[in-house]
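See below for run_6.csv, which holds CSV, N, CA and C atoms.
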chain,number,residue,atom,x,y,z
A,93,MET,N,109.8,128.1,158.5
A,93,MET,CA,109.2,128.9,157.4
A,93,MET,C,107.7,128.3,157.3
A,94,ASP,N,106.8,129.2,157.4
A,94,ASP,CA,105.4,128.9,157.3
A,94,ASP,C,104.9,128.9,155.8
A,95,ILE,N,104.2,127.9,155.5
A,95,ILE,CA,103.6,127.8,154.1
A,95,ILE,C,102.2,128.5,154.1
A,96,VAL,N,102.0,129.4,153.2
A,96,VAL,CA,100.8,130.1,153.1
A,96,VAL,C,99.9,129.4,152.0
A,97,ILE,N,98.8,128.9,152.4
A,97,ILE,CA,97.9,128.3,151.4
A,97,ILE,C,96.8,129.3,151.0
A,98,GLN,N,96.8,129.8,149.8
A,98,GLN,CA,95.8,130.7,149.4
A,98,GLN,C,94.5,130.0,149.2
A,99,LYS,N,93.4,130.7,149.7
A,99,LYS,CA,92.1,130.1,149.6
A,99,LYS,C,91.2,131.1,148.9
A,100,LYS,N,90.2,130.6,148.2
A,100,LYS,CA,89.2,131.5,147.5
A,100,LYS,C,87.8,131.0,147.9
A,101,ALA,N,87.0,132.0,148.2
A,101,ALA,CA,85.6,131.7,148.5
A,101,ALA,C,84.9,131.3,147.3
A,102,GLN,N,84.0,130.3,147.3
A,102,GLN,CA,83.3,129.8,146.2
A,102,GLN,C,81.9,129.5,146.7
A,103,SER,N,80.9,129.8,145.8
A,103,SER,CA,79.5,129.5,146.2
A,103,SER,C,79.0,128.3,145.4
A,104,PHE,N,78.4,127.4,146.1
A,104,PHE,CA,77.8,126.2,145.4
A,104,PHE,C,76.3,126.1,145.8
A,105,ARG,N,75.5,125.6,144.9
A,105,ARG,CA,74.1,125.4,145.1
A,105,ARG,C,74.0,123.9,145.3
A,106,LEU,N,73.6,123.5,146.6
A,106,LEU,CA,73.5,122.1,146.9
A,106,LEU,C,72.1,121.9,147.5
A,107,PRO,N,71.6,120.7,147.4
A,107,PRO,CA,70.3,120.4,148.0
A,107,PRO,C,70.3,120.5,149.5
A,108,VAL,N,69.3,121.1,150.1
A,108,VAL,CA,69.2,121.3,151.5
A,108,VAL,C,69.5,120.0,152.3
A,109,GLU,N,68.9,118.9,151.8
A,109,GLU,CA,69.1,117.6,152.5
A,109,GLU,C,70.6,117.2,152.5
A,110,LEU,N,71.3,117.5,151.5
A,110,LEU,CA,72.7,117.2,151.4
A,110,LEU,C,73.5,118.0,152.4
A,111,ILE,N,73.2,119.3,152.5
A,111,ILE,CA,73.9,120.2,153.4
A,111,ILE,C,73.6,119.8,154.8
A,112,GLU,N,72.4,119.4,155.1
A,112,GLU,CA,72.1,119.0,156.5
A,112,GLU,C,72.8,117.7,156.9
A,113,ARG,N,72.9,116.8,155.9
A,113,ARG,CA,73.6,115.5,156.2
A,113,ARG,C,75.1,115.8,156.4
A,114,LEU,N,75.7,116.7,155.6
A,114,LEU,CA,77.1,117.1,155.7
A,114,LEU,C,77.3,117.7,157.1
A,115,LYS,N,76.4,118.6,157.5
A,115,LYS,CA,76.5,119.2,158.8
A,115,LYS,C,76.6,118.2,160.0
A,116,VAL,N,75.7,117.2,159.9
A,116,VAL,CA,75.7,116.1,160.9
A,116,VAL,C,77.0,115.3,160.9
A,117,MET,N,77.5,115.0,159.7
A,117,MET,CA,78.8,114.3,159.6
A,117,MET,C,79.9,115.1,160.1
A,118,ALA,N,79.9,116.4,159.9
A,118,ALA,CA,81.0,117.3,160.4
A,118,ALA,C,80.9,117.4,161.9
A,119,ARG,N,79.7,117.5,162.4
A,119,ARG,CA,79.5,117.6,163.9
A,119,ARG,C,80.0,116.3,164.6
A,120,LYS,N,79.8,115.2,164.0
A,120,LYS,CA,80.3,113.9,164.6
A,120,LYS,C,81.8,113.9,164.7
A,121,GLN,N,82.5,114.6,163.8
A,121,GLN,CA,83.9,114.7,163.8
A,121,GLN,C,84.4,116.0,164.5
A,122,ASN,N,83.5,116.7,165.1
A,122,ASN,CA,83.9,118.0,165.8
A,122,ASN,C,84.6,118.9,164.9
A,123,ARG,N,84.1,119.0,163.7
A,123,ARG,CA,84.7,119.9,162.7
A,123,ARG,C,83.6,120.9,162.1
A,124,SER,N,84.1,122.0,161.6
A,124,SER,CA,83.2,122.9,160.9
A,124,SER,C,82.7,122.3,159.6
A,125,LEU,N,81.6,122.7,159.1
A,125,LEU,CA,81.1,122.3,157.8
A,125,LEU,C,82.2,122.6,156.7
A,126,ASN,N,82.7,123.8,156.8
A,126,ASN,CA,83.7,124.1,155.8
A,126,ASN,C,84.9,123.2,155.8
A,127,ASN,N,85.4,123.0,157.0
A,127,ASN,CA,86.6,122.1,157.1
A,127,ASN,C,86.3,120.7,156.6
A,128,PHE,N,85.1,120.2,157.0
A,128,PHE,CA,84.7,118.8,156.7
A,128,PHE,C,84.7,118.7,155.1
A,129,VAL,N,84.0,119.6,154.5
A,129,VAL,CA,83.8,119.6,153.0
A,129,VAL,C,85.1,119.7,152.3
A,130,GLU,N,86.0,120.6,152.8
A,130,GLU,CA,87.3,120.8,152.2
A,130,GLU,C,88.1,119.5,152.3
A,131,CYS,N,88.1,118.8,153.4
A,131,CYS,CA,88.8,117.6,153.6
A,131,CYS,C,88.3,116.5,152.7
A,132,VAL,N,87.0,116.4,152.6
A,132,VAL,CA,86.4,115.4,151.7
A,132,VAL,C,86.8,115.6,150.3
A,133,LEU,N,86.7,116.9,149.8
A,133,LEU,CA,87.1,117.2,148.5
A,133,LEU,C,88.6,117.0,148.2
A,134,ASN,N,89.4,117.3,149.2
A,134,ASN,CA,90.8,117.0,149.1
A,134,ASN,C,91.1,115.5,148.9
A,135,ASP,N,90.4,114.7,149.7
A,135,ASP,CA,90.6,113.2,149.5
A,135,ASP,C,90.2,112.8,148.1
A,136,ILE,N,89.1,113.3,147.6
A,136,ILE,CA,88.7,112.9,146.3
A,136,ILE,C,89.6,113.4,145.2
A,137,ALA,N,90.0,114.7,145.3
A,137,ALA,CA,90.8,115.3,144.3
A,137,ALA,C,92.3,114.8,144.2
A,138,TYR,N,92.8,114.4,145.4
A,138,TYR,CA,94.2,114.1,145.4
A,138,TYR,C,94.5,112.6,145.7
A,139,THR,N,93.5,111.7,145.6
A,139,THR,CA,93.8,110.3,145.8
A,139,THR,C,93.6,109.6,144.5
A,140,GLU,N,94.7,109.1,144.0
A,140,GLU,CA,94.6,108.4,142.7
A,140,GLU,C,95.2,107.0,143.0
A,141,PRO,N,94.5,106.0,142.4
A,141,PRO,CA,95.0,104.6,142.7
A,141,PRO,C,96.4,104.4,142.0
A,142,ASN,N,97.2,103.6,142.6
A,142,ASN,CA,98.5,103.2,142.0
A,142,ASN,C,98.3,102.3,140.8
A,143,GLU,N,99.4,101.9,140.1
A,143,GLU,CA,99.3,101.1,139.0
A,143,GLU,C,98.7,99.7,139.3
A,144,GLU,N,99.1,99.1,140.4
A,144,GLU,CA,98.6,97.8,140.8
A,144,GLU,C,97.1,97.8,141.1
A,145,THR,N,96.6,98.9,141.7
A,145,THR,CA,95.2,99.0,142.0
A,145,THR,C,94.4,99.3,140.7
A,146,ARG,N,95.0,100.1,139.8
A,146,ARG,CA,94.3,100.3,138.5
A,146,ARG,C,94.2,99.0,137.7
A,147,ALA,N,95.2,98.2,137.8
A,147,ALA,CA,95.2,96.9,137.1
A,147,ALA,C,94.1,96.0,137.7
A,148,ALA,N,94.0,95.9,139.0
A,148,ALA,CA,93.1,95.1,139.7
A,148,ALA,C,91.6,95.6,139.4
A,149,LEU,N,91.4,96.9,139.4
A,149,LEU,CA,90.1,97.4,139.0
A,149,LEU,C,89.7,97.1,137.6
A,150,SER,N,90.7,97.2,136.7
A,150,SER,CA,90.4,96.8,135.3
A,150,SER,C,90.0,95.3,135.2
A,151,GLU,N,90.8,94.5,135.9
A,151,GLU,CA,90.5,93.1,135.9
A,151,GLU,C,89.1,92.8,136.5
A,152,ALA,N,88.7,93.4,137.5
A,152,ALA,CA,87.4,93.2,138.1
A,152,ALA,C,86.3,93.7,137.2
A,153,ARG,N,86.5,94.9,136.5
A,153,ARG,CA,85.5,95.4,135.6
A,153,ARG,C,85.3,94.5,134.4
A,154,GLU,N,86.4,93.8,134.0
A,154,GLU,CA,86.3,93.0,132.8
A,154,GLU,C,85.9,91.5,133.1
A,155,GLY,N,85.6,91.3,134.4
A,155,GLY,CA,85.2,90.0,134.9
A,155,GLY,C,86.2,88.9,134.8
A,156,ARG,N,87.5,89.3,135.0
A,156,ARG,CA,88.6,88.4,134.9
A,156,ARG,C,89.0,87.9,136.3
A,157,LEU,N,88.1,88.0,137.3
A,157,LEU,CA,88.5,87.5,138.6
A,157,LEU,C,88.4,86.0,138.6
A,158,GLN,N,89.2,85.4,139.5
A,158,GLN,CA,89.2,83.9,139.5
A,158,GLN,C,88.3,83.4,140.6
A,159,GLY,N,87.1,83.9,140.7
A,159,GLY,CA,86.2,83.4,141.8
A,159,GLY,C,86.1,84.3,142.9
A,160,PRO,N,85.3,84.0,143.9
A,160,PRO,CA,85.1,84.8,145.1
A,160,PRO,C,86.3,84.9,146.0
A,161,LEU,N,86.5,86.0,146.7
A,161,LEU,CA,87.6,86.2,147.6
A,161,LEU,C,87.1,85.7,149.0
A,162,ASP,N,88.0,85.0,149.7
A,162,ASP,CA,87.7,84.6,151.1
A,162,ASP,C,88.3,85.7,151.9
A,163,VAL,N,87.5,86.5,152.6
A,163,VAL,CA,88.0,87.6,153.4
A,163,VAL,C,87.9,87.3,154.9
A,164,SER,N,87.9,86.1,155.2
A,164,SER,CA,87.8,85.7,156.6
A,164,SER,C,89.1,86.0,157.4
A,165,SER,N,90.2,86.1,156.6
A,165,SER,CA,91.5,86.5,157.2
A,165,SER,C,92.4,87.0,156.1
A,166,VAL,N,93.4,87.6,156.4
A,166,VAL,CA,94.3,88.1,155.4
A,166,VAL,C,95.0,86.9,154.7
A,167,GLU,N,95.3,85.9,155.4
A,167,GLU,CA,95.9,84.7,154.8
A,167,GLU,C,95.0,84.0,153.9
A,168,ALA,N,93.7,83.9,154.3
A,168,ALA,CA,92.7,83.3,153.4
A,168,ALA,C,92.5,84.1,152.2
A,169,MET,N,92.5,85.4,152.3
A,169,MET,CA,92.3,86.3,151.1
A,169,MET,C,93.4,86.1,150.1
A,170,TYR,N,94.7,86.1,150.6
A,170,TYR,CA,95.8,85.9,149.7
A,170,TYR,C,95.7,84.5,149.0
A,171,LYS,N,95.3,83.5,149.8
A,171,LYS,CA,95.2,82.1,149.2
A,171,LYS,C,94.1,82.1,148.1
A,172,SER,N,93.0,82.8,148.4
A,172,SER,CA,91.9,82.8,147.4
A,172,SER,C,92.3,83.6,146.1
A,173,MET,N,93.3,84.5,146.3
A,173,MET,CA,93.8,85.3,145.2
A,173,MET,C,94.9,84.6,144.4
A,174,GLY,N,95.3,83.4,144.9
A,174,GLY,CA,96.4,82.7,144.3
A,174,GLY,C,97.7,83.2,144.6
A,175,LEU,N,97.9,83.9,145.7
A,175,LEU,CA,99.2,84.4,146.1
A,175,LEU,C,99.8,83.6,147.2

As structure tokens, how would this structure be written, given the file I've shared?
Amino acid sequence: MDIVIQKKAQSFRLPVELIERLKVMARKQNRSLNNFVECVLNDIAYTEPNEETRAALSEAREGRLQGPLDVSSVEAMYKSMGL
């Protein structure tokens, strides 16, 4: 059974420089401008952080981090996080 996704044409006014940059990015991925923009918007619209990520973001915004993270390796990062 095929799923039919309805689409609607929509017009947006964007700066010429932005459109040109998007075209270059789409070309690098061998995609049409329309497909590239649709995928980028889907990523933004349907990607929400989970509860653990939201808590970590809140902690970072409130300055409750326990010092700098050592990201030289996964093990070092975990150690610097107290895990």

Report task. Grab the atom CA of A:Glu151 to atom C of A:Tyr138 distance for me, in Å with one decimal place. Result -> 22.2 Å

Report task. Pick out the closest residue to A:Glu130 from this set: A:Ala101, A:Ser150, A:Arg113, A:Leu106. Count only C-alpha atoms. Result -> A:Ala101

Query raised in the report: atom N of A:Tyr170 and atom C of A:Thr139 are how many Å apart?
Result: 24.3 Å

Query raised in the report: A:Ile97, A:Ala147, A:Val163, A:Val129: which is nearest A:Leu114, counting only C-alpha atoms?
Result: A:Val129

Report task. Rounded to one decimal place, report the atom C of A:Arg105-atom C of A:Val132 distance in Å. Result -> 16.1 Å

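Among the residues of stretch 121-154 of chain A, backbone DSSP assigns alpha helix (DSSP H) to Leu125, Asn126, Asn127, Phe128, Val129, Glu130, Cys131, Val132, Leu133, Asn134, Asp135, Ile136, Ala137, Tyr138, Glu143, Glu144, Thr145, Arg146, Ala147, Ala148, Leu149, Ser150, Glu151, Ala152 and Arg153 of chain A.
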
Could you write those residues out with N, CA and C atoms, as a JSON list (two decimals), in the coordinates of the input?
[["chain", "number", "residue", "atom", "x", "y", "z"],
["A", 125, "LEU", "N", 81.60, 122.70, 159.10],
["A", 125, "LEU", "CA", 81.10, 122.30, 157.80],
["A", 125, "LEU", "C", 82.20, 122.60, 156.70],
["A", 126, "ASN", "N", 82.70, 123.80, 156.80],
["A", 126, "ASN", "CA", 83.70, 124.10, 155.80],
["A", 126, "ASN", "C", 84.90, 123.20, 155.80],
["A", 127, "ASN", "N", 85.40, 123.00, 157.00],
["A", 127, "ASN", "CA", 86.60, 122.10, 157.10],
["A", 127, "ASN", "C", 86.30, 120.70, 156.60],
["A", 128, "PHE", "N", 85.10, 120.20, 157.00],
["A", 128, "PHE", "CA", 84.70, 118.80, 156.70],
["A", 128, "PHE", "C", 84.70, 118.70, 155.10],
["A", 129, "VAL", "N", 84.00, 119.60, 154.50],
["A", 129, "VAL", "CA", 83.80, 119.60, 153.00],
["A", 129, "VAL", "C", 85.10, 119.70, 152.30],
["A", 130, "GLU", "N", 86.00, 120.60, 152.80],
["A", 130, "GLU", "CA", 87.30, 120.80, 152.20],
["A", 130, "GLU", "C", 88.10, 119.50, 152.30],
["A", 131, "CYS", "N", 88.10, 118.80, 153.40],
["A", 131, "CYS", "CA", 88.80, 117.60, 153.60],
["A", 131, "CYS", "C", 88.30, 116.50, 152.70],
["A", 132, "VAL", "N", 87.00, 116.40, 152.60],
["A", 132, "VAL", "CA", 86.40, 115.40, 151.70],
["A", 132, "VAL", "C", 86.80, 115.60, 150.30],
["A", 133, "LEU", "N", 86.70, 116.90, 149.80],
["A", 133, "LEU", "CA", 87.10, 117.20, 148.50],
["A", 133, "LEU", "C", 88.60, 117.00, 148.20],
["A", 134, "ASN", "N", 89.40, 117.30, 149.20],
["A", 134, "ASN", "CA", 90.80, 117.00, 149.10],
["A", 134, "ASN", "C", 91.10, 115.50, 148.90],
["A", 135, "ASP", "N", 90.40, 114.70, 149.70],
["A", 135, "ASP", "CA", 90.60, 113.20, 149.50],
["A", 135, "ASP", "C", 90.20, 112.80, 148.10],
["A", 136, "ILE", "N", 89.10, 113.30, 147.60],
["A", 136, "ILE", "CA", 88.70, 112.90, 146.30],
["A", 136, "ILE", "C", 89.60, 113.40, 145.20],
["A", 137, "ALA", "N", 90.00, 114.70, 145.30],
["A", 137, "ALA", "CA", 90.80, 115.30, 144.30],
["A", 137, "ALA", "C", 92.30, 114.80, 144.20],
["A", 138, "TYR", "N", 92.80, 114.40, 145.40],
["A", 138, "TYR", "CA", 94.20, 114.10, 145.40],
["A", 138, "TYR", "C", 94.50, 112.60, 145.70],
["A", 143, "GLU", "N", 99.40, 101.90, 140.10],
["A", 143, "GLU", "CA", 99.30, 101.10, 139.00],
["A", 143, "GLU", "C", 98.70, 99.70, 139.30],
["A", 144, "GLU", "N", 99.10, 99.10, 140.40],
["A", 144, "GLU", "CA", 98.60, 97.80, 140.80],
["A", 144, "GLU", "C", 97.10, 97.80, 141.10],
["A", 145, "THR", "N", 96.60, 98.90, 141.70],
["A", 145, "THR", "CA", 95.20, 99.00, 142.00],
["A", 145, "THR", "C", 94.40, 99.30, 140.70],
["A", 146, "ARG", "N", 95.00, 100.10, 139.80],
["A", 146, "ARG", "CA", 94.30, 100.30, 138.50],
["A", 146, "ARG", "C", 94.20, 99.00, 137.70],
["A", 147, "ALA", "N", 95.20, 98.20, 137.80],
["A", 147, "ALA", "CA", 95.20, 96.90, 137.10],
["A", 147, "ALA", "C", 94.10, 96.00, 137.70],
["A", 148, "ALA", "N", 94.00, 95.90, 139.00],
["A", 148, "ALA", "CA", 93.10, 95.10, 139.70],
["A", 148, "ALA", "C", 91.60, 95.60, 139.40],
["A", 149, "LEU", "N", 91.40, 96.90, 139.40],
["A", 149, "LEU", "CA", 90.10, 97.40, 139.00],
["A", 149, "LEU", "C", 89.70, 97.10, 137.60],
["A", 150, "SER", "N", 90.70, 97.20, 136.70],
["A", 150, "SER", "CA", 90.40, 96.80, 135.30],
["A", 150, "SER", "C", 90.00, 95.30, 135.20],
["A", 151, "GLU", "N", 90.80, 94.50, 135.90],
["A", 151, "GLU", "CA", 90.50, 93.10, 135.90],
["A", 151, "GLU", "C", 89.10, 92.80, 136.50],
["A", 152, "ALA", "N", 88.70, 93.40, 137.50],
["A", 152, "ALA", "CA", 87.40, 93.20, 138.10],
["A", 152, "ALA", "C", 86.30, 93.70, 137.20],
["A", 153, "ARG", "N", 86.50, 94.90, 136.50],
["A", 153, "ARG", "CA", 85.50, 95.40, 135.60],
["A", 153, "ARG", "C", 85.30, 94.50, 134.40]]

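Shortest atom-to-atom contact with A:Asn126 among A:Ser103, A:Gln98, A:Ser165, A:Ser172: A:Ser103, counting only C-alpha atoms.
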
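Among the candidates A:Ile136, A:Ala168, A:Met173, A:Leu110, the residue lying nearest to A:Ala148 is A:Met173 (atoms considered: only C-alpha atoms).
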